[in-house]
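Peer 1: See input27.pdb below, with PDB, C-alpha atoms.
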ATOM      1  CA  MET A   1      -2.001 -19.896   5.347
ATOM      2  CA  LYS A   2       0.155 -20.063   8.460
ATOM      3  CA  LEU A   3       3.141 -21.145   6.360
ATOM      4  CA  LYS A   4       2.747 -18.088   4.115
ATOM      5  CA  GLN A   5       2.530 -15.832   7.185
ATOM      6  CA  TYR A   6       5.607 -17.502   8.716
ATOM      7  CA  ILE A   7       7.594 -16.946   5.497
ATOM      8  CA  PHE A   8       6.486 -13.300   5.388
ATOM      9  CA  ASP A   9       7.508 -12.737   9.028
ATOM     10  CA  TYR A  10      10.875 -14.387   8.379
ATOM     11  CA  LEU A  11      11.547 -12.234   5.307
ATOM     12  CA  ARG A  12      10.402  -9.080   7.141
ATOM     13  CA  LYS A  13      12.932  -9.716   9.908
ATOM     14  CA  LYS A  14      15.668 -10.167   7.275
ATOM     15  CA  MET A  15      14.955  -6.795   5.645
ATOM     16  CA  PRO A  16      17.805  -4.311   6.089
ATOM     17  CA  ALA A  17      17.167  -1.232   8.212
ATOM     18  CA  ARG A  18      15.905   1.758   6.257
ATOM     19  CA  GLU A  19      16.700   5.423   6.685
ATOM     20  CA  VAL A  20      13.308   6.990   7.312
ATOM     21  CA  ARG A  21      12.757  10.509   5.969
ATOM     22  CA  PHE A  22       9.533  12.379   6.634
ATOM     23  CA  PRO A  23       8.046  13.825   3.420
ATOM     24  CA  HIS A  24       7.799  17.585   2.911
ATOM     25  CA  LEU A  25       4.364  18.105   1.440
ATOM     26  CA  ASP A  26       5.122  21.656   0.317
ATOM     27  CA  GLN A  27       7.068  20.291  -2.656
ATOM     28  CA  PRO A  28       6.040  17.799  -5.364
ATOM     29  CA  LEU A  29       6.430  14.230  -4.191
ATOM     30  CA  LYS A  30       6.553  10.851  -5.840
ATOM     31  CA  LEU A  31       3.841   8.747  -4.166
ATOM     32  CA  LEU A  32       2.997   5.050  -4.221
ATOM     33  CA  ILE A  33      -0.547   4.163  -3.209
ATOM     34  CA  ILE A  34      -1.376   0.529  -2.544
ATOM     35  CA  TYR A  35      -4.963  -0.618  -2.149
ATOM     36  CA  GLU A  36      -7.408  -3.497  -2.307
ATOM     37  CA  SER A  37      -9.084  -3.455  -5.715
ATOM     38  CA  ASP A  38     -12.821  -3.861  -6.111
ATOM     39  CA  TYR A  39     -13.955  -6.954  -8.011
ATOM     40  CA  LEU A  40     -14.778  -5.087 -11.220
ATOM     41  CA  GLU A  41     -11.372  -3.350 -11.109
ATOM     42  CA  ARG A  42     -12.995   0.083 -11.404
ATOM     43  CA  ASN A  43     -11.660   1.540  -8.125
ATOM     44  CA  ASP A  44     -13.469   4.870  -8.465
ATOM     45  CA  ALA A  45     -12.487   6.084  -4.979
ATOM     46  CA  ILE A  46      -8.810   5.369  -5.653
ATOM     47  CA  LYS A  47      -8.963   7.135  -9.023
ATOM     48  CA  THR A  48     -10.533  10.181  -7.345
ATOM     49  CA  ILE A  49      -7.711  10.240  -4.778
ATOM     50  CA  ARG A  50      -5.170  10.018  -7.596
ATOM     51  CA  GLN A  51      -6.785  12.914  -9.481
ATOM     52  CA  ASP A  52      -6.729  15.081  -6.335
ATOM     53  CA  LEU A  53      -3.036  14.351  -5.827
ATOM     54  CA  LEU A  54      -2.223  15.031  -9.478
ATOM     55  CA  ARG A  55      -3.862  18.462  -9.108
ATOM     56  CA  GLN A  56      -1.390  19.088  -6.271
ATOM     57  CA  GLN A  57       1.504  18.378  -8.677
ATOM     58  CA  MET A  58       2.267  14.968  -7.115
ATOM     59  CA  ASP A  59       3.610  12.074  -9.175
ATOM     60  CA  VAL A  60       1.267   9.209  -8.234
ATOM     61  CA  THR A  61       1.691   5.494  -8.883
ATOM     62  CA  MET A  62      -1.028   3.070  -7.788
ATOM     63  CA  TRP A  63      -0.698  -0.662  -7.141
ATOM     64  CA  GLY A  64      -3.781  -2.652  -6.237
ATOM     65  CA  TYR A  65      -4.455  -6.285  -5.481
ATOM     66  CA  LEU A  66      -7.414  -8.512  -6.255
ATOM     67  CA  ALA A  67      -7.585 -12.200  -5.347
ATOM     68  CA  LYS A  68      -8.492 -13.244  -8.895
ATOM     69  CA  LYS A  69      -6.603 -15.345 -11.450
ATOM     70  CA  GLU A  70      -7.252 -13.180 -14.493
ATOM     71  CA  ILE A  71      -6.802  -9.444 -14.054
ATOM     72  CA  GLN A  72      -8.436  -7.475 -16.874
ATOM     73  CA  THR A  73      -6.829  -4.081 -16.220
ATOM     74  CA  LEU A  74      -3.779  -3.224 -18.302
ATOM     75  CA  ILE A  75      -0.389  -2.911 -16.642
ATOM     76  CA  LEU A  76       0.546   0.746 -16.975
ATOM     77  CA  PRO A  77       3.584   2.604 -15.605
ATOM     78  CA  GLN A  78       1.385   4.592 -13.186
ATOM     79  CA  SER A  79      -1.278   1.996 -12.397
ATOM     80  CA  ARG A  80      -1.288  -1.735 -11.880
ATOM     81  CA  ILE A  81      -3.532  -4.363 -10.305
ATOM     82  CA  LEU A  82      -1.882  -7.548  -9.127
ATOM     83  CA  GLY A  83      -3.666 -10.877  -9.019
ATOM     84  CA  LEU A  84      -3.046 -14.418  -7.838
ATOM     85  CA  GLY A  85      -0.748 -15.109 -10.800
ATOM     86  CA  ASP A  86       1.676 -12.395  -9.653
ATOM     87  CA  TYR A  87       2.577 -14.383  -6.521
ATOM     88  CA  ASN A  88       4.277 -17.741  -6.095
ATOM     89  CA  PHE A  89       3.045 -20.762  -4.139
ATOM     90  CA  PHE A  90       4.445 -19.341  -0.893
ATOM     91  CA  GLY A  91       2.659 -16.003  -1.342
ATOM     92  CA  LYS A  92       5.752 -13.999  -2.257
ATOM     93  CA  PRO A  93       5.629 -11.670  -5.293
ATOM     94  CA  ARG A  94       7.232 -13.091  -8.433
ATOM     95  CA  GLU A  95      10.616 -11.715  -9.505
ATOM     96  CA  GLU A  96       9.193  -9.628 -12.373
ATOM     97  CA  VAL A  97       6.783  -7.926  -9.960
ATOM     98  CA  LEU A  98       9.600  -7.132  -7.531
ATOM     99  CA  THR A  99      11.772  -5.866 -10.380
ATOM    100  CA  ASP A 100       9.009  -3.474 -11.487
ATOM    101  CA  LEU A 101       8.380  -2.370  -7.893
ATOM    102  CA  LEU A 102      12.030  -1.731  -7.089
ATOM    103  CA  ALA A 103      12.659   0.123 -10.363
ATOM    104  CA  GLU A 104      11.209   3.302  -8.795
ATOM    105  CA  HIS A 105      11.999   5.234  -5.633
ATOM    106  CA  TYR A 106       9.109   6.919  -3.817
ATOM    107  CA  ASP A 107       9.040   9.734  -1.290
ATOM    108  CA  LEU A 108       5.887   8.429   0.379
ATOM    109  CA  LEU A 109       4.015   5.115   0.404
ATOM    110  CA  ILE A 110       0.356   5.399   1.353
ATOM    111  CA  ASP A 111      -1.128   2.033   2.244
ATOM    112  CA  LEU A 112      -4.912   2.150   1.941
ATOM    113  CA  THR A 113      -5.271  -1.496   2.930
ATOM    114  CA  THR A 114      -8.121  -1.712   5.423
ATOM    115  CA  GLN A 115      -7.740  -5.349   6.447
ATOM    116  CA  PRO A 116      -4.789  -7.754   6.623
ATOM    117  CA  CYS A 117      -3.833  -8.668   3.049
ATOM    118  CA  LEU A 118      -0.567 -10.591   2.743
ATOM    119  CA  PRO A 119       0.038  -9.793  -0.962
ATOM    120  CA  LEU A 120      -0.168  -6.049  -0.283
ATOM    121  CA  ARG A 121       1.925  -6.371   2.878
ATOM    122  CA  TYR A 122       4.700  -7.760   0.665
ATOM    123  CA  ILE A 123       4.377  -4.751  -1.664
ATOM    124  CA  ALA A 124       4.521  -2.370   1.311
ATOM    125  CA  MET A 125       7.535  -4.194   2.723
ATOM    126  CA  TYR A 126       9.562  -4.296  -0.504
ATOM    127  CA  ALA A 127       8.664  -0.828  -1.860
ATOM    128  CA  ASP A 128      11.587   1.601  -1.951
ATOM    129  CA  ALA A 129      10.000   4.539  -0.119
ATOM    130  CA  ASP A 130      11.443   7.118   2.258
ATOM    131  CA  PHE A 131       8.323   7.079   4.432
ATOM    132  CA  LYS A 132       5.528   4.515   4.726
ATOM    133  CA  VAL A 133       2.163   5.165   6.336
ATOM    134  CA  GLY A 134      -0.900   2.967   6.754
ATOM    135  CA  LEU A 135      -3.521   1.531   9.057
ATOM    136  CA  ASN A 136      -2.288  -0.177  12.207
ATOM    137  CA  LEU A 137      -2.841  -3.825  11.311
ATOM    138  CA  GLY A 138       0.084  -5.081  13.378
ATOM    139  CA  GLU A 139       2.651  -5.983  10.727
ATOM    140  CA  GLY A 140       5.466  -3.556  11.624
ATOM    141  CA  ILE A 141       6.132  -2.404   8.041
ATOM    142  CA  HIS A 142       5.061   1.234   8.207
ATOM    143  CA  ASP A 143       6.892   4.202   9.704
ATOM    144  CA  MET A 144       3.649   5.827  10.840
ATOM    145  CA  LEU A 145       0.563   3.883  11.834
ATOM    146  CA  ILE A 146      -2.972   5.199  11.920
ATOM    147  CA  SER A 147      -4.915   3.606  14.753
ATOM    148  CA  LEU A 148      -8.674   3.655  14.826
ATOM    149  CA  PRO A 149     -10.617   3.341  18.069
ATOM    150  CA  ASP A 150     -13.082   0.478  18.329
ATOM    151  CA  PHE A 151     -11.894  -1.160  15.093
ATOM    152  CA  THR A 152     -11.091  -4.831  15.073
ATOM    153  CA  PRO A 153     -10.935  -6.944  11.916
ATOM    154  CA  GLU A 154     -13.188  -9.524  13.630
ATOM    155  CA  GLN A 155     -16.110  -7.071  13.566
ATOM    156  CA  GLY A 156     -16.697  -7.925   9.913
ATOM    157  CA  GLU A 157     -18.528  -5.903   7.262
ATOM    158  CA  GLU A 158     -20.165  -3.447   9.652
ATOM    159  CA  ALA A 159     -16.708  -2.132  10.579
ATOM    160  CA  LYS A 160     -15.530  -1.797   6.965
ATOM    161  CA  ILE A 161     -13.433   1.286   6.391
ATOM    162  CA  GLU A 162     -13.599   3.162   3.104
ATOM    163  CA  ALA A 163     -10.274   3.837   1.354
ATOM    164  CA  SER A 164     -11.168   7.493   0.756
ATOM    165  CA  TRP A 165     -11.869   8.024   4.473
ATOM    166  CA  LEU A 166      -8.597   6.299   5.415
ATOM    167  CA  PHE A 167      -6.735   8.479   2.885
ATOM    168  CA  SER A 168      -8.185  11.659   4.393
ATOM    169  CA  GLN A 169      -7.129  10.512   7.882
ATOM    170  CA  ILE A 170      -3.608   9.708   6.709
ATOM    171  CA  MET A 171      -3.246  13.068   4.952
ATOM    172  CA  ARG A 172      -4.624  14.883   7.998
ATOM    173  CA  TYR A 173      -1.964  13.357  10.233
ATOM    174  CA  VAL A 174       0.862  13.784   7.729
ATOM    175  CA  THR A 175       0.036  17.467   7.139
ATOM    176  CA  THR A 176      -0.456  18.143  10.859
ATOM    177  CA  ILE A 177       2.925  16.704  11.685
ATOM    178  CA  LYS A 178       4.487  18.695   8.836
ATOM    179  CA  SER A 179       2.922  21.948  10.061
ATOM    180  CA  ASN A 180       4.552  21.437  13.480
ATOM    181  CA  ASP A 181       8.098  21.072  12.117
TER     182      ASP A 181
END
Once you've parsed the file, please lay out its structure as structure tokens.
Peer 2:
Amino acid sequence: MKLKQYIFDYLRKKMPAREVRFPHLDQPLKLLIIYESDYLERNDAIKTIRQDLLRQQMDVTMWGYLAKKEIQTLILPQSRILGLGDYNFFGKPREEVLTDLLAEHYDLLIDLTTQPCLPLRYIAMYADADFKVGLNLGEGIHDMLISLPDFTPEQGEEAKIEASWLFSQIMRYVTTIKSND
């Protein structure tokens, strides 16, 4: 595991600098939401978030991850769940995954990852997005970090954060900052 983390850190440092542009939420945006999939691949909370954003005229793409060999969910243009087979031995996404990811440009990446997850950190790092926001897990990928008081990953299940709650916090901060422009 340490080798995979070392490779990720090395590749992150090699990434070219990005031009960060804050999203204007008063116009339709192209969003990428990344999340940890539930075991049954239903992801009801994520689907509810997507429906809310679609009602706001946003173009929403969702990429999830589940540490499982066989993913049952179909690969669709607007929704995809990655599994163990989508990553190589060193933990890096396979070329076809990166090709699909880089084929689109997004105005905003919303990372709903609630605990360190190397496969999703790669997706967040490689995604072509003007602005990236997520929970402060210490990886240095996002442009805006949401910090939560009294949360440490070592606290275990009792400190588990729900994706829908994290989404509402992210949107609260993003809209507050926008309203002060």
Peer 1: Write out as a list in words which residues come within 8 Å of Gly134 of chain A when counting all atoms listed in the file, dropping same-chain ones fewer than 5 positions away.
Peer 2: Ile110, Asp111, Leu112, Thr113, His142, Met144, Leu145, Ile146 and Ile170 of chain A
Peer 1: Measuring atom to atom with only C-alpha atoms, identify which of A:Phe167, A:Lys4, A:Pro119, A:Asp9 is nearest to Gly140 of chain A.
Peer 2: A:Asp9
Peer 1: Around the point (1.8, 17.9, 6.4) (coordinates from the file), which residues reach within 8 Å if we count only C-alpha atoms? Answer as a ChimeraX atom specification.
Peer 2: /A:24-26,171-179
Peer 1: State, in Å with one decimal place, the distance from atom CA of Ala103 of chain A to atom CA of Ile81 of chain A.
Peer 2: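 Result for atom CA of Ala103 of chain A versus atom CA of Ile81 of chain A: 16.8 Å, one decimal.
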Peer 1: Axis-aligned box over every listed atom of segment 23-38 of chain A, padded by 4 Å per side: centre and edges in Å to one decimal, as AutoDock Vina command-line options?
Peer 2:
--center_x -2.4 --center_y 8.9 --center_z -1.3 --size_x 28.9 --size_y 33.5 --size_z 17.5
Peer 1: Determine the nearest neighbour of Leu120 of chain A from the options A:Glu19, A:Asp86, A:Asp143, A:Glu41, counting all atoms listed in the file.
Peer 2: A:Asp86
Peer 1: I'd like the residues picked by the PyMOL selection byres ((chain A and resi 87-97) around 10) written out as a PyMOL selection string, using the chain letters and numbers from the file.
Peer 2: chain A and resi 1+3-8+11+82-86+98-103+118-123+126
Peer 1: What does the structure give for the distance between atom CA of Lys68 of chain A and atom CA of Ile46 of chain A, in Å to one decimal?
Peer 2: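 Distance between the two atoms: 18.9 Å.
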Peer 1: Report, in Å to a single decimal, how far apart atom CA of Trp165 of chain A and atom CA of Leu31 of chain A are.
Peer 2: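 Value for the atom CA of Leu31 of chain A-atom CA of Trp165 of chain A distance: 17.9 Å.
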Peer 1: Could you list the residues chosen by the PyMOL selection byres ((chain A and resi 80) around 10) in this structure as a PyMOL selection string?
Peer 2: chain A and resi 34+61-65+71+73-79+81-83
